[in-house]
Amino acid sequence: MRPRLDIPRITTLLLLLLSMSLAPILAQEEQPASPTPRVQPPATVTLQGDGFTVGQYFGPLAQGQVGLLELSGTDISSAYALLRDREYDFHLLGDHWYALLVADIDAQPRAYPLAIIVQRADGQVLTLDSQITIESAGYIRQSFAVPADRAYLTEPEVERYEFARLNAYTSPQTPAPLWDEGLFQRPMSSDYTSGFGQFRILNQNSITRHTGWDQRAPVGTPVYAMASGTVVFASQLDIRGNYVLIDHGWGVYSGYAHFSQFNVAEGQTIERGQLLGLSGNTGRSNGPHLHWEISVQGEWVDGDAFINMWLPTQP
Ligand SMILES: [Zn+2]
């Protein structure tokens, strides 16, 4: 017998073909516009040392923000800044040296001494003393419900293990910046649904900090690289689910969580705006969304503030 025309199946096929032809257009729409080229702002403060100058490109920093220092002078062989018992190396780029400082998320709001230690080629060590003010960012507390089948992911040891594992990836400092003159941009254009730094009470069981920003994203939304770099991790984590981590140089990393699909692999060099994968709902997530985060010198920082900073690029 001759099979009869299967109308529902043909309709499904037509819809599938239609959605496939629309997919590139939809994907295009989701891509955030390239930022307009940013020009170097004047230094907020200029400090004069013995034979060297330090430009400070920030005023008071809120908890979780990053500050840029620029060092110029002759016969410098190395330099670092010392803030809150942490050393931040200066990296040579063109004829200037740069360091990225972190006002960490847990710092008590107050003024802190900042020392710049410069080693000259002749072995002489020079120190310049300054200070920076860290202000409260006013991070709020929020309750966060994790679905019952994933409730084990609220256990503090699951989180400690994941942070320790990620820290091994975000600690190395590639000596050159890998971003292009477009610097950093958002990974997609949708609205923010949750901000960096919040204290989250998980199922009334444990408390954690929100290390990144969340954006509205139905499952399958394209996620694009925030800046050029190298993929150092593209695999599964307990909390972050399917996760991509990119090394951008100078100890700056961007991470993208809860993916439903990977489009890149570890070791791959990627350009700003390149498709990394599709958003999803994997890991410790209570609904489809994109969580993205920025780590600088091994610390999670306010990514939205960071991507709006001016940064020097390879000459
Ligand atoms: Zn998040």
# chains A, B, ... in the order shown; residues from 1 in each chain; ligands from 1
>>> residues_near_ligand(ligand="ligand 1", cutoff="10 Å", atoms="only C-alpha atoms and all ligand atoms", output="PyMOL selection string")
chain A and resi 192-198+209-215+240+256-258+284-285+289-293
>>> select_by_dssp(residues="range 65-197 of chain A", states="helix (DSSP H, G or I)", output="list in words")
Ala148, Asp149, Arg150, Ala151, Tyr152, Leu153, Thr154, Pro156, Glu157, Val158, Glu159, Arg160, Tyr161, Glu162, Phe163, Ala164, Arg165, Leu166, Asn167, Ala168, Tyr169 and Thr170 of chain A
>>> write_last_selection(atoms="N, CA and C atoms", output="PDB file, in the first residue's frame")
ATOM      1  N   ALA A 148      16.018  20.749  44.049  1.00  0.00           N
ATOM      2  CA  ALA A 148      16.286  19.636  44.975  1.00  0.00           C
ATOM      3  C   ALA A 148      17.272  18.615  44.395  1.00  0.00           C
ATOM      4  N   ASP A 149      17.153  18.317  43.093  1.00  0.00           N
ATOM      5  CA  ASP A 149      18.037  17.300  42.511  1.00  0.00           C
ATOM      6  C   ASP A 149      19.485  17.783  42.387  1.00  0.00           C
ATOM      7  N   ARG A 150      19.708  19.089  42.622  1.00  0.00           N
ATOM      8  CA  ARG A 150      21.081  19.612  42.567  1.00  0.00           C
ATOM      9  C   ARG A 150      21.493  20.211  43.920  1.00  0.00           C
ATOM     10  N   ALA A 151      20.713  19.919  44.970  1.00  0.00           N
ATOM     11  CA  ALA A 151      20.939  20.556  46.277  1.00  0.00           C
ATOM     12  C   ALA A 151      22.320  20.230  46.843  1.00  0.00           C
ATOM     13  N   TYR A 152      22.880  19.056  46.479  1.00  0.00           N
ATOM     14  CA  TYR A 152      24.220  18.695  46.979  1.00  0.00           C
ATOM     15  C   TYR A 152      25.269  19.708  46.534  1.00  0.00           C
ATOM     16  N   LEU A 153      24.955  20.483  45.483  1.00  0.00           N
ATOM     17  CA  LEU A 153      25.912  21.479  44.983  1.00  0.00           C
ATOM     18  C   LEU A 153      26.003  22.714  45.882  1.00  0.00           C
ATOM     19  N   THR A 154      25.156  22.778  46.926  1.00  0.00           N
ATOM     20  CA  THR A 154      25.257  23.893  47.871  1.00  0.00           C
ATOM     21  C   THR A 154      26.225  23.570  49.004  1.00  0.00           C
ATOM     22  N   PRO A 156      29.442  23.385  51.111  1.00  0.00           N
ATOM     23  CA  PRO A 156      30.642  24.234  51.042  1.00  0.00           C
ATOM     24  C   PRO A 156      31.865  23.526  50.463  1.00  0.00           C
ATOM     25  N   GLU A 157      32.022  22.208  50.711  1.00  0.00           N
ATOM     26  CA  GLU A 157      33.237  21.552  50.192  1.00  0.00           C
ATOM     27  C   GLU A 157      33.201  21.407  48.666  1.00  0.00           C
ATOM     28  N   VAL A 158      31.993  21.335  48.091  1.00  0.00           N
ATOM     29  CA  VAL A 158      31.883  21.285  46.625  1.00  0.00           C
ATOM     30  C   VAL A 158      32.406  22.602  46.049  1.00  0.00           C
ATOM     31  N   GLU A 159      32.028  23.695  46.717  1.00  0.00           N
ATOM     32  CA  GLU A 159      32.446  25.020  46.269  1.00  0.00           C
ATOM     33  C   GLU A 159      33.948  25.233  46.472  1.00  0.00           C
ATOM     34  N   ARG A 160      34.444  24.834  47.651  1.00  0.00           N
ATOM     35  CA  ARG A 160      35.887  24.992  47.928  1.00  0.00           C
ATOM     36  C   ARG A 160      36.718  24.247  46.892  1.00  0.00           C
ATOM     37  N   TYR A 161      36.286  23.030  46.573  1.00  0.00           N
ATOM     38  CA  TYR A 161      37.014  22.208  45.607  1.00  0.00           C
ATOM     39  C   TYR A 161      37.031  22.889  44.240  1.00  0.00           C
ATOM     40  N   GLU A 162      35.863  23.420  43.842  1.00  0.00           N
ATOM     41  CA  GLU A 162      35.793  24.048  42.510  1.00  0.00           C
ATOM     42  C   GLU A 162      36.637  25.325  42.448  1.00  0.00           C
ATOM     43  N   PHE A 163      36.590  26.141  43.518  1.00  0.00           N
ATOM     44  CA  PHE A 163      37.410  27.362  43.542  1.00  0.00           C
ATOM     45  C   PHE A 163      38.897  27.014  43.476  1.00  0.00           C
ATOM     46  N   ALA A 164      39.293  25.973  44.223  1.00  0.00           N
ATOM     47  CA  ALA A 164      40.708  25.574  44.236  1.00  0.00           C
ATOM     48  C   ALA A 164      41.133  25.096  42.851  1.00  0.00           C
ATOM     49  N   ARG A 165      40.249  24.345  42.203  1.00  0.00           N
ATOM     50  CA  ARG A 165      40.552  23.820  40.878  1.00  0.00           C
ATOM     51  C   ARG A 165      40.687  24.965  39.867  1.00  0.00           C
ATOM     52  N   LEU A 166      39.753  25.932  39.940  1.00  0.00           N
ATOM     53  CA  LEU A 166      39.805  27.068  39.016  1.00  0.00           C
ATOM     54  C   LEU A 166      41.020  27.940  39.278  1.00  0.00           C
ATOM     55  N   ASN A 167      41.382  28.060  40.570  1.00  0.00           N
ATOM     56  CA  ASN A 167      42.519  28.902  40.933  1.00  0.00           C
ATOM     57  C   ASN A 167      43.811  28.428  40.271  1.00  0.00           C
ATOM     58  N   ALA A 168      43.918  27.109  40.081  1.00  0.00           N
ATOM     59  CA  ALA A 168      45.106  26.568  39.413  1.00  0.00           C
ATOM     60  C   ALA A 168      45.161  27.034  37.957  1.00  0.00           C
ATOM     61  N   TYR A 169      43.986  27.268  37.367  1.00  0.00           N
ATOM     62  CA  TYR A 169      43.936  27.740  35.975  1.00  0.00           C
ATOM     63  C   TYR A 169      44.127  29.247  35.873  1.00  0.00           C
ATOM     64  N   THR A 170      43.653  30.001  36.884  1.00  0.00           N
ATOM     65  CA  THR A 170      43.652  31.466  36.770  1.00  0.00           C
ATOM     66  C   THR A 170      44.878  32.117  37.410  1.00  0.00           C
TER      67      THR A 170
END
>>> residues_around(residues="His96 in chain A", least_positions_apart="2", cutoff="8 Å", atoms="only C-alpha atoms", output="ChimeraX atom specification")
/A:70-73,92-94,98
>>> write_last_selection(atoms="C-alpha atoms", output="PDB file, in the first residue's frame")
ATOM      1  CA  GLU A  70      51.649  52.800  34.486  1.00  0.00           C
ATOM      2  CA  LEU A  71      55.359  53.077  35.235  1.00  0.00           C
ATOM      3  CA  SER A  72      57.870  54.952  33.075  1.00  0.00           C
ATOM      4  CA  GLY A  73      61.568  55.474  33.555  1.00  0.00           C
ATOM      5  CA  LEU A  92      56.716  45.786  30.109  1.00  0.00           C
ATOM      6  CA  LEU A  93      54.702  46.824  27.044  1.00  0.00           C
ATOM      7  CA  GLY A  94      56.311  49.136  24.488  1.00  0.00           C
ATOM      8  CA  TYR A  98      51.859  48.260  33.652  1.00  0.00           C
TER       9      TYR A  98
END
>>> closest_residue(among="A:Ala225, A:Val219, A:Arg141, A:Ile132", to="Ser260 in chain A", atoms="only C-alpha atoms")
A:Val219
